[in-house]
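**Q** The structure follows.
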Amino acid sequence: MKTRVKHRKYKSYKSGLLLLGLLVISWILITSINKSGIPAGLAGLINADYENFRNLERFDSVKVQEVRDGIAGLWTYVSEEGGSKSPVVKRDYLELNANGMVWMVRVWDLRMPDGELHAYTQVIMGYMSPYSYAGGGAGVGGPYYCETRIIRQAYIFDGDTCYGASQVDEIWEVGLNEVAAVADGGDANRVLAINRREYRPYFGEVKKFLPDGTLPNVVDMISLSACPAAADMSWASKKLLARSMNAVPFFARAGMVDSLIHAYYKPMVLDELARRYDPRAVPDVMKIRMTISPEGVVTALKYSGAKVVTKRFDDLAVLNMKGWLYPPVGDSNEPQTLDVKVRVK
């Protein structure tokens with residue numbers, strides 16, 4: 001009986017000391033923050049969403065039209081890394097009208113590991129209204145926050161067409177910048193940045209602007225069925241990549257995993273995800289440990305480099321990575337654990 005009482009007292013002392021320690025640590029942290037504040041970089045990112053949209057001054061109708069007139073035109077984007085022979089080539093065709101109407105055609109050319117070429121297309125009809133200056137700036141050309149509504153959109157996946165979500169509201173950060181003068185001069189040195197993607201003005205024949213002039217009509221086709229809820233360009237591209245993978249020897253798969261991440265998953269998934277965030281909130285490299293089954297399925301994944309400032313990006317990226325597929329192995333029934341550095345920037 002006496003032994004039991006002593007044991008309970010000992011546990012109480014331990015609990016009391018632990019609580020005291022936590023209180024001391026909390027007091028030190030609070031005192032430090034009161035004196036010097038949260039580190040500027042961390043505080044800025046923690047409050048980024050709040051700060052970015054706090055105290056915005058809405059444009060009047062005159063300024064709205066001025067911004068629309070300034071960015072109106074035909075704009076194109078082509079991913080440059082690897083050139084036309086890259087496994088993933090992205091092409092955007094963007095029409096911004098002075099009345100606010102937006103047409104965009106996105107085409108991804110995907111060259112699979114087996115050499116087969118596929119093209120996936122997204123067609124968007126929307127409406128954009130400049131709302132305010134972004135980032136506290138008020139310079140010529142922005143950047144601006146623009147309220148954008150995706151009125152209708154459709155996807156074409158290997159010849160099959162379906163319609164995506166409609167009446168979707170987004171915020172686009174848009175800025176019109178000047179770059180070094182080029183030989184043609186004039187407007188050729190303008191760059192339109194939308195959500196950290198740079199578009200160049202198109203100067204060719206209007207009727208040759210789109211790869212297929214009939215594409216805008218796709219969004220008005222009433223006979224289309226709905227796409228799967230998760231459908232987007234990344235989702236479709238991952239499915240296609242999975243279907244194109246053939247079995248490889250166990251010893252060769254580690255190299256294949258690294259190559260597939262760099263050539264396909266980074267441009268198809270991580271690059272698109274990173275565009276949603278402040279560049280400071282995106283890690284340069286993600287160090288992950290993953291276990292892959294003989295069938296090529298990720299059965300376990302651990303990310304050891306997570307930081308507070310990149311947590312939102314990290315959480316979405318890791319969730320997506322758990323669904324990435326890799327080549328099966330035909331000569332082993334053992335799972336394979338790999339340490340991989342995934343370069344994001």
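Letters A, B, ... go to the chains of the structure tokens in the order shown; residues in each chain start at 1; ligands are counted from 1 in the same order.
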If we count only C-alpha atoms, what is near A:Ala231 at a cut-off of 12 Å, once residues fewer than 5 positions away on the same chain are taken out, given as a VMD selection string?

**A** chain A and resid 120 to 122 153 to 157 161 to 165 226 236 to 239

**Q** Leaving out A:Gly330 and any residue of its chain fewer than 6 positions from it, which residues lie within 8 Å of it when counting only C-alpha atoms, given as a list of chain:residue names?

**A** A:Ala247, A:Val248, A:Pro249, A:Phe250, A:Pro294

**Q** Give me a file of those residues, with C-alpha atoms, as a PDB file, in the first residue's frame.

**A**
```
ATOM      1  CA  ALA A 247       7.807  -3.957 -66.652  1.00  0.00           C
ATOM      2  CA  VAL A 248      11.514  -3.370 -65.941  1.00  0.00           C
ATOM      3  CA  PRO A 249      14.165  -5.321 -64.010  1.00  0.00           C
ATOM      4  CA  PHE A 250      14.236  -4.648 -60.261  1.00  0.00           C
ATOM      5  CA  PRO A 294       6.334  -4.882 -57.293  1.00  0.00           C
TER       6      PRO A 294
END
```

**Q** So how many Å separate atom CA of A:Val218 and atom CA of A:Val123, to one decimal?

**A** 7.4 Å

**Q** Counting only C-alpha atoms, which residue out of A:Pro228, A:Pro87, A:Pro279, A:Gly126 sits closest to A:Gly100?

**A**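 Of A:Pro228, A:Pro87, A:Pro279, A:Gly126, the one nearest A:Gly100 is A:Gly126, counting only C-alpha atoms.
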
**Q** Considering only C-alpha atoms, can you say which of A:Phe209, A:Tyr144, A:Tyr77, A:Tyr277 comes closest to A:Asn177?

**A**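 Closest candidate: A:Tyr144.
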
**Q** Let's see if you can do this: from backbone DSSP, list all helix (DSSP H, G or I) residues in stretch 300-343 of chain A, as an NGL selection string.

**A** :A and (308-321)

**Q** Could you work out how far atom CA of A:Ile171 lies from atom CA of A:Gly135, giving the answer in Å with one decimal?

**A** 13.4 Å

**Q** How many Å separate atom CA of A:Arg68 from atom CA of A:Lys90?

**A**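 Separating atom CA of A:Arg68 from atom CA of A:Lys90 is a distance of 25.6 Å.
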
**Q** Taking the DSSP secondary structure from the backbone, can you list the residues of stretch 92-322 of chain A that are strand (DSSP E or B), as a PyMOL selection string?

**A** chain A and resi 92-96+101-111+117-133+144-157+160-163+168-178+190-194+197-201+225-226+248+285-292+297-303

**Q** Pick the closest to A:Arg106 from A:Arg91, A:His118, A:Lys302, A:Lys207: which is it, counting only C-alpha atoms?

**A**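 Of A:Arg91, A:His118, A:Lys302, A:Lys207, the one nearest A:Arg106 is A:Arg91, counting only C-alpha atoms.
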
**Q** Which residues are close to A:Ile194, i.e. within 8 Å by only C-alpha atoms, leaving aside same-chain residues fewer than 4 positions away? Reply as a list in words.

**A**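 Answer for this query is Trp172, Glu173, Val174, Gly175, Glu198 and Tyr199 of chain A.
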
**Q** Just want the 12 Å neighbourhood of A:Val78, counted on only C-alpha atoms, with same-chain residues fewer than 6 positions away dropped. Output as a ChimeraX atom specification.

**A** /A:84,86,88-94,106-109,197-202

**Q** Those residues with N, CA, C and O atoms, as a tab-separated table (two decimals), in the first residue's frame please?

**A**
```
chain	number	residue	atom	x	y	z
A	84	SER	N	10.81	21.19	-78.39
A	84	SER	CA	9.69	20.42	-78.92
A	84	SER	C	9.84	18.92	-78.68
A	84	SER	O	8.87	18.17	-78.79
A	86	SER	N	10.74	17.62	-75.81
A	86	SER	CA	10.54	17.37	-74.39
A	86	SER	C	9.40	16.37	-74.19
A	86	SER	O	8.45	16.35	-74.98
A	88	VAL	N	7.06	16.52	-72.11
A	88	VAL	CA	5.84	17.29	-71.87
A	88	VAL	C	6.03	18.69	-72.44
A	88	VAL	O	6.89	19.44	-71.97
A	89	VAL	N	5.24	19.05	-73.43
A	89	VAL	CA	5.28	20.39	-74.02
A	89	VAL	C	3.91	21.02	-73.80
A	89	VAL	O	2.88	20.46	-74.19
A	90	LYS	N	3.88	22.20	-73.18
A	90	LYS	CA	2.63	22.89	-72.89
A	90	LYS	C	2.49	24.09	-73.81
A	90	LYS	O	3.44	24.88	-73.94
A	91	ARG	N	1.32	24.25	-74.39
A	91	ARG	CA	1.04	25.40	-75.25
A	91	ARG	C	-0.29	26.02	-74.84
A	91	ARG	O	-1.28	25.32	-74.72
A	92	ASP	N	-0.27	27.33	-74.60
A	92	ASP	CA	-1.49	28.06	-74.26
A	92	ASP	C	-1.79	29.08	-75.34
A	92	ASP	O	-0.88	29.77	-75.83
A	93	TYR	N	-3.06	29.19	-75.72
A	93	TYR	CA	-3.54	30.20	-76.66
A	93	TYR	C	-4.62	30.99	-75.92
A	93	TYR	O	-5.67	30.45	-75.58
A	94	LEU	N	-4.35	32.28	-75.70
A	94	LEU	CA	-5.21	33.09	-74.85
A	94	LEU	C	-5.72	34.31	-75.59
A	94	LEU	O	-4.94	35.07	-76.17
A	106	ARG	N	-5.69	25.31	-73.97
A	106	ARG	CA	-4.45	24.74	-73.47
A	106	ARG	C	-4.23	23.38	-74.13
A	106	ARG	O	-5.14	22.55	-74.17
A	107	VAL	N	-3.03	23.17	-74.63
A	107	VAL	CA	-2.70	21.90	-75.28
A	107	VAL	C	-1.42	21.36	-74.65
A	107	VAL	O	-0.41	22.07	-74.57
A	108	TRP	N	-1.49	20.13	-74.18
A	108	TRP	CA	-0.29	19.45	-73.69
A	108	TRP	C	0.07	18.33	-74.66
A	108	TRP	O	-0.75	17.43	-74.91
A	109	ASP	N	1.26	18.43	-75.22
A	109	ASP	CA	1.77	17.35	-76.06
A	109	ASP	C	2.61	16.44	-75.18
A	109	ASP	O	3.61	16.87	-74.59
A	197	ARG	N	2.92	32.67	-65.05
A	197	ARG	CA	3.19	32.10	-66.39
A	197	ARG	C	3.26	33.26	-67.36
A	197	ARG	O	2.38	34.12	-67.36
A	198	GLU	N	4.30	33.29	-68.19
A	198	GLU	CA	4.53	34.43	-69.07
A	198	GLU	C	4.03	34.15	-70.49
A	198	GLU	O	4.41	33.16	-71.12
A	199	TYR	N	3.20	35.07	-70.97
A	199	TYR	CA	2.62	34.97	-72.31
A	199	TYR	C	3.20	36.08	-73.20
A	199	TYR	O	3.42	37.20	-72.76
A	200	ARG	N	3.40	35.72	-74.46
A	200	ARG	CA	3.91	36.68	-75.46
A	200	ARG	C	2.81	37.04	-76.44
A	200	ARG	O	1.93	36.22	-76.74
A	201	PRO	N	2.85	38.24	-76.99
A	201	PRO	CA	1.81	38.64	-77.95
A	201	PRO	C	1.93	37.86	-79.26
A	201	PRO	O	3.03	37.49	-79.68
A	202	TYR	N	0.80	37.62	-79.88
A	202	TYR	CA	0.75	36.90	-81.14
A	202	TYR	C	0.53	37.91	-82.26
A	202	TYR	O	-0.37	38.77	-82.19
```

**Q** With a distance cut-off of 10 Å and only C-alpha atoms, select the neighbouring residues of stretch 282-287 of chain A, excluding the residue or stretch itself and same-chain residues fewer than 4 positions from it, and output the selection as a PyMOL selection string.

**A** chain A and resi 270+273-278+302-307+309-314+317-318+339-345

**Q** I'd like to know which of A:Pro335, A:Pro113, A:Pro211, A:Gly70 is closest to A:Gly141, using only C-alpha atoms.

**A**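 The answer is A:Gly70, which sits nearest to A:Gly141.
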
**Q** What lies within 10 Å of A:Leu325 using only C-alpha atoms, ignoring chain neighbours under 5 positions off, as a ChimeraX atom specification?

**A** /A:238-239,241-243,245,257,260,265,292-293,295-298

**Q** Next, the residues of the selection above should be written as a PDB file, in the first residue's frame with N, CA and C atoms.

**A**
```pdb
ATOM      1  N   LYS A 238      -1.469  11.809 -65.920  1.00  0.00           N
ATOM      2  CA  LYS A 238      -0.969  10.741 -65.042  1.00  0.00           C
ATOM      3  C   LYS A 238      -1.565   9.392 -65.434  1.00  0.00           C
ATOM      4  N   LYS A 239      -2.845   9.386 -65.793  1.00  0.00           N
ATOM      5  CA  LYS A 239      -3.478   8.135 -66.210  1.00  0.00           C
ATOM      6  C   LYS A 239      -2.837   7.598 -67.480  1.00  0.00           C
ATOM      7  N   LEU A 241       0.225   8.201 -68.554  1.00  0.00           N
ATOM      8  CA  LEU A 241       1.581   7.744 -68.245  1.00  0.00           C
ATOM      9  C   LEU A 241       1.542   6.354 -67.626  1.00  0.00           C
ATOM     10  N   ALA A 242       0.603   6.115 -66.724  1.00  0.00           N
ATOM     11  CA  ALA A 242       0.505   4.810 -66.069  1.00  0.00           C
ATOM     12  C   ALA A 242       0.239   3.697 -67.070  1.00  0.00           C
ATOM     13  N   ARG A 243      -0.583   3.981 -68.080  1.00  0.00           N
ATOM     14  CA  ARG A 243      -0.911   2.962 -69.075  1.00  0.00           C
ATOM     15  C   ARG A 243       0.261   2.635 -69.988  1.00  0.00           C
ATOM     16  N   MET A 245       3.461   2.296 -69.140  1.00  0.00           N
ATOM     17  CA  MET A 245       4.634   1.737 -68.465  1.00  0.00           C
ATOM     18  C   MET A 245       4.724   0.227 -68.640  1.00  0.00           C
ATOM     19  N   VAL A 257      12.563   5.564 -61.777  1.00  0.00           N
ATOM     20  CA  VAL A 257      11.735   6.398 -60.894  1.00  0.00           C
ATOM     21  C   VAL A 257      12.213   7.838 -60.934  1.00  0.00           C
ATOM     22  N   LEU A 260      11.393   9.416 -64.359  1.00  0.00           N
ATOM     23  CA  LEU A 260       9.972   9.695 -64.563  1.00  0.00           C
ATOM     24  C   LEU A 260       9.527  10.924 -63.773  1.00  0.00           C
ATOM     25  N   TYR A 265       6.340  13.787 -63.959  1.00  0.00           N
ATOM     26  CA  TYR A 265       5.554  14.229 -62.803  1.00  0.00           C
ATOM     27  C   TYR A 265       5.843  15.674 -62.403  1.00  0.00           C
ATOM     28  N   ILE A 292       7.820   1.235 -52.943  1.00  0.00           N
ATOM     29  CA  ILE A 292       7.059   0.931 -54.150  1.00  0.00           C
ATOM     30  C   ILE A 292       6.864  -0.576 -54.227  1.00  0.00           C
ATOM     31  N   SER A 293       5.635  -0.976 -54.471  1.00  0.00           N
ATOM     32  CA  SER A 293       5.319  -2.401 -54.572  1.00  0.00           C
ATOM     33  C   SER A 293       5.854  -2.970 -55.888  1.00  0.00           C
ATOM     34  N   GLU A 295       4.203  -4.072 -58.165  1.00  0.00           N
ATOM     35  CA  GLU A 295       3.298  -3.634 -59.228  1.00  0.00           C
ATOM     36  C   GLU A 295       3.485  -2.170 -59.600  1.00  0.00           C
ATOM     37  N   GLY A 296       4.344  -1.450 -58.877  1.00  0.00           N
ATOM     38  CA  GLY A 296       4.615  -0.047 -59.192  1.00  0.00           C
ATOM     39  C   GLY A 296       3.783   0.948 -58.416  1.00  0.00           C
ATOM     40  N   VAL A 297       3.087   0.500 -57.375  1.00  0.00           N
ATOM     41  CA  VAL A 297       2.235   1.362 -56.563  1.00  0.00           C
ATOM     42  C   VAL A 297       3.005   1.844 -55.337  1.00  0.00           C
ATOM     43  N   VAL A 298       2.843   3.127 -54.999  1.00  0.00           N
ATOM     44  CA  VAL A 298       3.479   3.672 -53.793  1.00  0.00           C
ATOM     45  C   VAL A 298       2.683   3.203 -52.578  1.00  0.00           C
TER      46      VAL A 298
END
```
